[in-house]
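**Student:** What follows is a structure written as structure tokens; I'll ask about it next.
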Amino acid sequence: MCDSSLENKLELYRRLVELSRHLASTLDLDELLNRIVQAAVDLCNAEAASILLFEENKRQLFFQASTNMAQPLMRGLKVPVDSSIAGWIVTHRKPLIVADVSRDPRFYSRIAKVTNFPSRSILGVPLIAKEKVVGVLEAINKKDGEFDQQDEEVLMTLGSQAAIAIENARLFLQSDLISEMVHELRTPLGSLNAATHLLLRPEITDEQRKKMILIIQSETKRLSEMASRFLDLSRLESARVQFQAQEIEPVILLGECVGITRSSMVERGLQFVWDVPETLPTIVGDRDKLKQAILNLLSNAVKYNSENGTITLSAWVEDRHLAISVNDTGPGIPEESLPHLFKKFYRVPGTEKLAQGTGLGLSIVKKIIEAHRGEIKVDSVPGEGSTFTLYIPLQYRNRDLTGTATL
Ligand SMILES: Nc1ncnc2c1ncn2[C@@H]1O[C@H](COP(=O)(O)OP(=O)(O)O)[C@@H](O)[C@H]1O
Ligand SMILES: [Mg+2]
């Protein structure tokens, strides 16, 4: 137990304040997190401490800093949100003391195996900055006795300082999307690297060689797609992009989009249903950008469809908006994924097996539609299909489109 005498408590808080001054002075995330875990060990009299950061768009946690464990082994180690103590803390946004992890079903025991470090007791607190959970700070194995209320208080205070610092460092890192892009480049580059190494081996069969070449081909294609989509997105995000306001005949625009995707539908043996009235009111918007948005939805409906599936393109007027919807009969989207769908790089778990992609298409669509002061909605029944609907305001004047800061 922590000594709860007044003097000790004062000493603890003196050290906390000192630490928080240090924390505020660095934007180097690694250095910062190392200081925090060290402080957690000292202040709570624990054998070890770790910080796991929360990747909201992927619904997972990963180890980012730790006092005791072999760093290369530990770092980046993923922990599922749904079956771990850290995950519980993230989901419930509450601290948690577990006196004996071996009796707690939430404990994710794989960690102990990988790190060869047995955990007995854990005190964990959520790291919350601006209402957002950014991670978890855990003190592991109280040196004598059990973690108590005072340890929890100390760790919470430390955690709140840490969360703000983490958020600052992250905002700094992400200010121009670069770090995210670099992160996402690692996977395709890794497979390219592995494939070229294998190709150099003299003993591989022709069949293996062909397989490697196909991998290289598809990963290269994915990288180049990622690069151009990423460029689109960064332009949209930084408001450097120019939107041209034009009068658009929706029926003609939709016809062009179908013309472009038709061959990919045929290739996949999909039925197409044109559910668009003969005339629709004109809208004002950026023709190329809207076309890009609709094409993105159609290409998803092709990629994520079932064999012999159907795609239905509909359009109608609703509540002073032009509505355009793309419906497919594919696997659908699980409910828990819906809130994440429009985030950059997010792909529904398991999607990699269905089709290649970057997870950037829908965030581009959303940005384009929002620049038109419109909305995008998604409805999906898992196992039956999905419908994405765009709502574009009809009462749109030239000046609205070109004159706003969002464009
Ligand atoms: N019509 C759809 N049916 C099922 N899942 C979809 C559909 N459209 C998008 N998704 C899911 O949303 C994710 C993000 O879509 P998107 O941003 O277009 O990325 P990408 O197509 O590159 O994977 C996809 O990876 C997929 O998991
Ligand atoms: Mg897509």
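Following the order of the structure tokens, first chain is A, next is B, and so on, with residues numbered from 1 inside each chain and ligands from 1 in the order they appear.
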At a cut-off of 6 Å and counting only C-alpha atoms and all ligand atoms, what residues surround ligand 1? Please answer as a list in words.

**Tutor:**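 These are the residues that qualify: Asn300, Ala301, Tyr304, Gly330, Pro331, Gly332, Ile333, Leu341, Tyr346, Arg347, Val348, Thr351, Gly357, Thr358, Gly359, Leu360, Gly361, Leu362, Ser363 and Ser386 of chain A.
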
**Student:** Quick one: everything within 7 Å of A:Ala99, counting only C-alpha atoms, minus sequence neighbours fewer than 2 positions away in the same chain. Send it as a list in words.

**Tutor:**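 The residues satisfying every condition are Ile97, Val101, Ser121, Ile122 and Glu146 of chain A.
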
**Student:** How would you write, as a list in words, the set of residues in stretch 103-244 of chain A that DSSP gives as strand (DSSP E or B)?

**Tutor:**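 Here is the list: Ile122, Leu123, Gly124, Val125, Pro126, Leu127, Ile128, Ala129, Lys132, Val133, Val134, Gly135, Val136, Leu137, Glu138, Ala139, Ile140, Asn141 and Lys142 of chain A.
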
**Student:** Need to verify the contact set: A:Asn45, 8 Å, only C-alpha atoms, exclusion of same-chain residues closer than 2 positions in sequence. Can you return it as a count of residues only?

**Tutor:** 8

**Student:** May I have the residues within 10 Å of A:Leu19 as JSON, numbers by chain, using only C-alpha atoms and disregarding those fewer than 4 positions away in the same chain?

**Tutor:** {"A": [13, 14, 15, 23, 24, 35, 36, 39, 158, 161, 162]}

**Student:** Point out the residue among A:Leu338, A:Val133, A:Ala355, A:Met265 with the least atom-to-atom distance to ligand 2, counting only C-alpha atoms and all ligand atoms.

**Tutor:**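 Smallest separation from ligand 2 among the options: A:Ala355.
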
**Student:** Using only C-alpha atoms, which of the listed residues (A:Gln150, A:Pro277, A:Thr91, A:Leu297) sits closest to A:Asn8?

**Tutor:**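 Closest candidate: A:Gln150.
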
**Student:** Which of these residues is nearest to ligand 2, using only C-alpha atoms and all ligand atoms: A:Glu352, A:Glu375, A:Asp206, A:Glu307?

**Tutor:** A:Glu352

**Student:** With only C-alpha atoms and all ligand atoms as the atoms that count, which of A:Arg262, A:Arg229, A:Lys367, A:His340 lies nearest to ligand 2?

**Tutor:**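 Counting only C-alpha atoms and all ligand atoms, the residue closest to ligand 2 is A:Arg229.
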